[in-house]
Amino acid sequence: MYASLIHLHSGIAALSILGFIGRGGWLLATGKRPGGKFLRIAPHVVDTLLLVTGLILLGMTGWALATAPWMISKLILLVVYIGLGVATFRAGTGAARTGLFALAVLVFAQIMATAVFKNTAGLLTPFFG
């Protein structure tokens with residue numbers, strides 16, 4: 001059950017970042033947010049499922065935040081990623097949007113690397129882990 005839930009959580013994470021890259025890419029290319037009800041609602045559904053599966057996995061580990069600092073790192077980075085994502089879509093200029101978008105994608109990559117390596121160094125784990 002745990003392994004299946006990890007795979008589901010990882011798949012939802014992939015959907016989340018692909019959706020963000022798609023919507024952000026559209027914004028950067030056109031200067032407008034992608035329209036349509038589906039594109040306004042789907043990201044919230046996907047991200048809610050991602051959070052729920054993450055909380056279930058955390059519960060299955062016995063809420064091991066104190067013994068797994070990489071989980072705390074992921075949670076902090078998640079807040080940063082959300083903030084950068086919101087800022088990306090609210091930024092007024094192309095340069096600011098592009099920078100915020102790139103930072104958001106980089107932070108998401110750090111979250112994924114932190115989870116894969118189970119190390120707070122994340123992307124730097126091969127060098128310092």
# chains A, B, ... in the order shown; residues from 1 in each chain; ligands from 1
$ residues_around --residues "Leu78 in chain A" --least-positions-apart "2" --cutoff "12 Å" --atoms "only C-alpha atoms" --output "PyMOL selection string"
chain A and resi 13+47+50-51+54+71-76+80-85+104-112+114-115
$ decode --residues "range 81-129 of chain A" --atoms "N, CA and C atoms" --output "short mmCIF file (atom, residue, chain, number, x, y, z; two decimals), in the first residue's frame"
data_model
loop_
_atom_site.label_atom_id
_atom_site.label_comp_id
_atom_site.auth_asym_id
_atom_site.auth_seq_id
_atom_site.Cartn_x
_atom_site.Cartn_y
_atom_site.Cartn_z
N TYR A 81 7.64 27.34 -3.07
CA TYR A 81 7.18 27.05 -4.43
C TYR A 81 5.80 27.67 -4.68
N ILE A 82 4.90 27.51 -3.74
CA ILE A 82 3.55 28.07 -3.90
C ILE A 82 3.64 29.60 -4.01
N GLY A 83 4.43 30.20 -3.13
CA GLY A 83 4.59 31.65 -3.18
C GLY A 83 5.17 32.13 -4.50
N LEU A 84 6.17 31.45 -5.00
CA LEU A 84 6.76 31.82 -6.29
C LEU A 84 5.77 31.61 -7.43
N GLY A 85 4.98 30.54 -7.35
CA GLY A 85 3.98 30.29 -8.38
C GLY A 85 2.93 31.38 -8.43
N VAL A 86 2.44 31.77 -7.26
CA VAL A 86 1.45 32.86 -7.18
C VAL A 86 2.08 34.15 -7.70
N ALA A 87 3.30 34.43 -7.28
CA ALA A 87 3.97 35.66 -7.72
C ALA A 87 4.19 35.66 -9.23
N THR A 88 4.47 34.50 -9.81
CA THR A 88 4.65 34.40 -11.26
C THR A 88 3.43 34.91 -11.99
N PHE A 89 2.26 34.48 -11.55
CA PHE A 89 1.03 34.84 -12.25
C PHE A 89 0.54 36.24 -11.90
N ARG A 90 1.09 36.84 -10.87
CA ARG A 90 0.70 38.20 -10.49
C ARG A 90 1.70 39.26 -10.95
N ALA A 91 2.89 38.84 -11.34
CA ALA A 91 3.93 39.79 -11.73
C ALA A 91 3.49 40.57 -12.97
N GLY A 92 3.88 41.83 -13.00
CA GLY A 92 3.44 42.70 -14.08
C GLY A 92 4.33 42.72 -15.31
N THR A 93 5.59 42.40 -15.16
CA THR A 93 6.49 42.52 -16.30
C THR A 93 6.98 41.14 -16.76
N GLY A 94 7.38 41.07 -18.01
CA GLY A 94 7.88 39.83 -18.57
C GLY A 94 9.13 39.32 -17.88
N ALA A 95 10.06 40.24 -17.57
CA ALA A 95 11.32 39.83 -16.94
C ALA A 95 11.07 39.28 -15.54
N ALA A 96 10.22 39.94 -14.78
CA ALA A 96 9.90 39.46 -13.43
C ALA A 96 9.19 38.11 -13.50
N ARG A 97 8.24 38.00 -14.41
CA ARG A 97 7.53 36.72 -14.58
C ARG A 97 8.49 35.60 -14.93
N THR A 98 9.38 35.87 -15.86
CA THR A 98 10.32 34.85 -16.29
C THR A 98 11.22 34.41 -15.14
N GLY A 99 11.73 35.36 -14.38
CA GLY A 99 12.58 35.04 -13.25
C GLY A 99 11.85 34.26 -12.17
N LEU A 100 10.65 34.69 -11.83
CA LEU A 100 9.85 34.00 -10.81
C LEU A 100 9.48 32.59 -11.28
N PHE A 101 9.12 32.47 -12.54
CA PHE A 101 8.78 31.17 -13.12
C PHE A 101 9.97 30.22 -13.03
N ALA A 102 11.14 30.70 -13.44
CA ALA A 102 12.35 29.87 -13.40
C ALA A 102 12.69 29.46 -11.96
N LEU A 103 12.56 30.39 -11.03
CA LEU A 103 12.82 30.06 -9.62
C LEU A 103 11.83 29.02 -9.09
N ALA A 104 10.56 29.16 -9.47
CA ALA A 104 9.55 28.21 -9.03
C ALA A 104 9.87 26.80 -9.54
N VAL A 105 10.25 26.70 -10.81
CA VAL A 105 10.60 25.39 -11.37
C VAL A 105 11.84 24.83 -10.68
N LEU A 106 12.81 25.67 -10.40
CA LEU A 106 14.02 25.23 -9.69
C LEU A 106 13.69 24.74 -8.28
N VAL A 107 12.83 25.46 -7.59
CA VAL A 107 12.43 25.03 -6.24
C VAL A 107 11.69 23.70 -6.30
N PHE A 108 10.84 23.52 -7.32
CA PHE A 108 10.14 22.24 -7.47
C PHE A 108 11.16 21.12 -7.70
N ALA A 109 12.18 21.38 -8.52
CA ALA A 109 13.23 20.38 -8.75
C ALA A 109 13.94 20.05 -7.44
N GLN A 110 14.16 21.06 -6.61
CA GLN A 110 14.78 20.83 -5.30
C GLN A 110 13.89 19.97 -4.42
N ILE A 111 12.58 20.21 -4.46
CA ILE A 111 11.64 19.39 -3.68
C ILE A 111 11.74 17.93 -4.13
N MET A 112 11.73 17.72 -5.44
CA MET A 112 11.80 16.35 -5.96
C MET A 112 13.13 15.68 -5.59
N ALA A 113 14.23 16.41 -5.72
CA ALA A 113 15.53 15.83 -5.38
C ALA A 113 15.62 15.52 -3.89
N THR A 114 15.05 16.40 -3.08
CA THR A 114 15.04 16.16 -1.64
C THR A 114 14.29 14.87 -1.32
N ALA A 115 13.17 14.66 -2.00
CA ALA A 115 12.38 13.44 -1.78
C ALA A 115 13.11 12.20 -2.29
N VAL A 116 13.70 12.29 -3.45
CA VAL A 116 14.38 11.13 -4.04
C VAL A 116 15.60 10.73 -3.21
N PHE A 117 16.41 11.72 -2.84
CA PHE A 117 17.63 11.42 -2.09
C PHE A 117 17.39 11.32 -0.58
N LYS A 118 16.20 11.75 -0.12
CA LYS A 118 15.88 11.78 1.31
C LYS A 118 16.99 12.51 2.07
N ASN A 119 17.35 13.67 1.50
CA ASN A 119 18.45 14.47 2.02
C ASN A 119 18.10 15.93 1.80
N THR A 120 18.33 16.76 2.81
CA THR A 120 17.99 18.18 2.71
C THR A 120 18.83 18.90 1.66
N ALA A 121 19.94 18.32 1.25
CA ALA A 121 20.78 18.95 0.21
C ALA A 121 20.11 18.90 -1.16
N GLY A 122 19.16 18.00 -1.34
CA GLY A 122 18.40 17.93 -2.58
C GLY A 122 19.27 17.80 -3.80
N LEU A 123 19.21 18.81 -4.68
CA LEU A 123 19.97 18.79 -5.93
C LEU A 123 21.47 18.72 -5.71
N LEU A 124 21.93 19.16 -4.56
CA LEU A 124 23.37 19.16 -4.27
C LEU A 124 23.84 17.88 -3.61
N THR A 125 22.94 16.95 -3.35
CA THR A 125 23.29 15.69 -2.68
C THR A 125 24.45 14.94 -3.36
N PRO A 126 24.46 14.85 -4.70
CA PRO A 126 25.60 14.13 -5.31
C PRO A 126 26.95 14.76 -4.99
N PHE A 127 26.95 16.05 -4.67
CA PHE A 127 28.21 16.76 -4.39
C PHE A 127 28.55 16.80 -2.91
N PHE A 128 27.50 16.92 -2.07
CA PHE A 128 27.73 17.12 -0.63
C PHE A 128 27.07 16.07 0.25
N GLY A 129 26.18 15.25 -0.32
CA GLY A 129 25.39 14.31 0.47
C GLY A 129 26.18 13.17 0.96
#
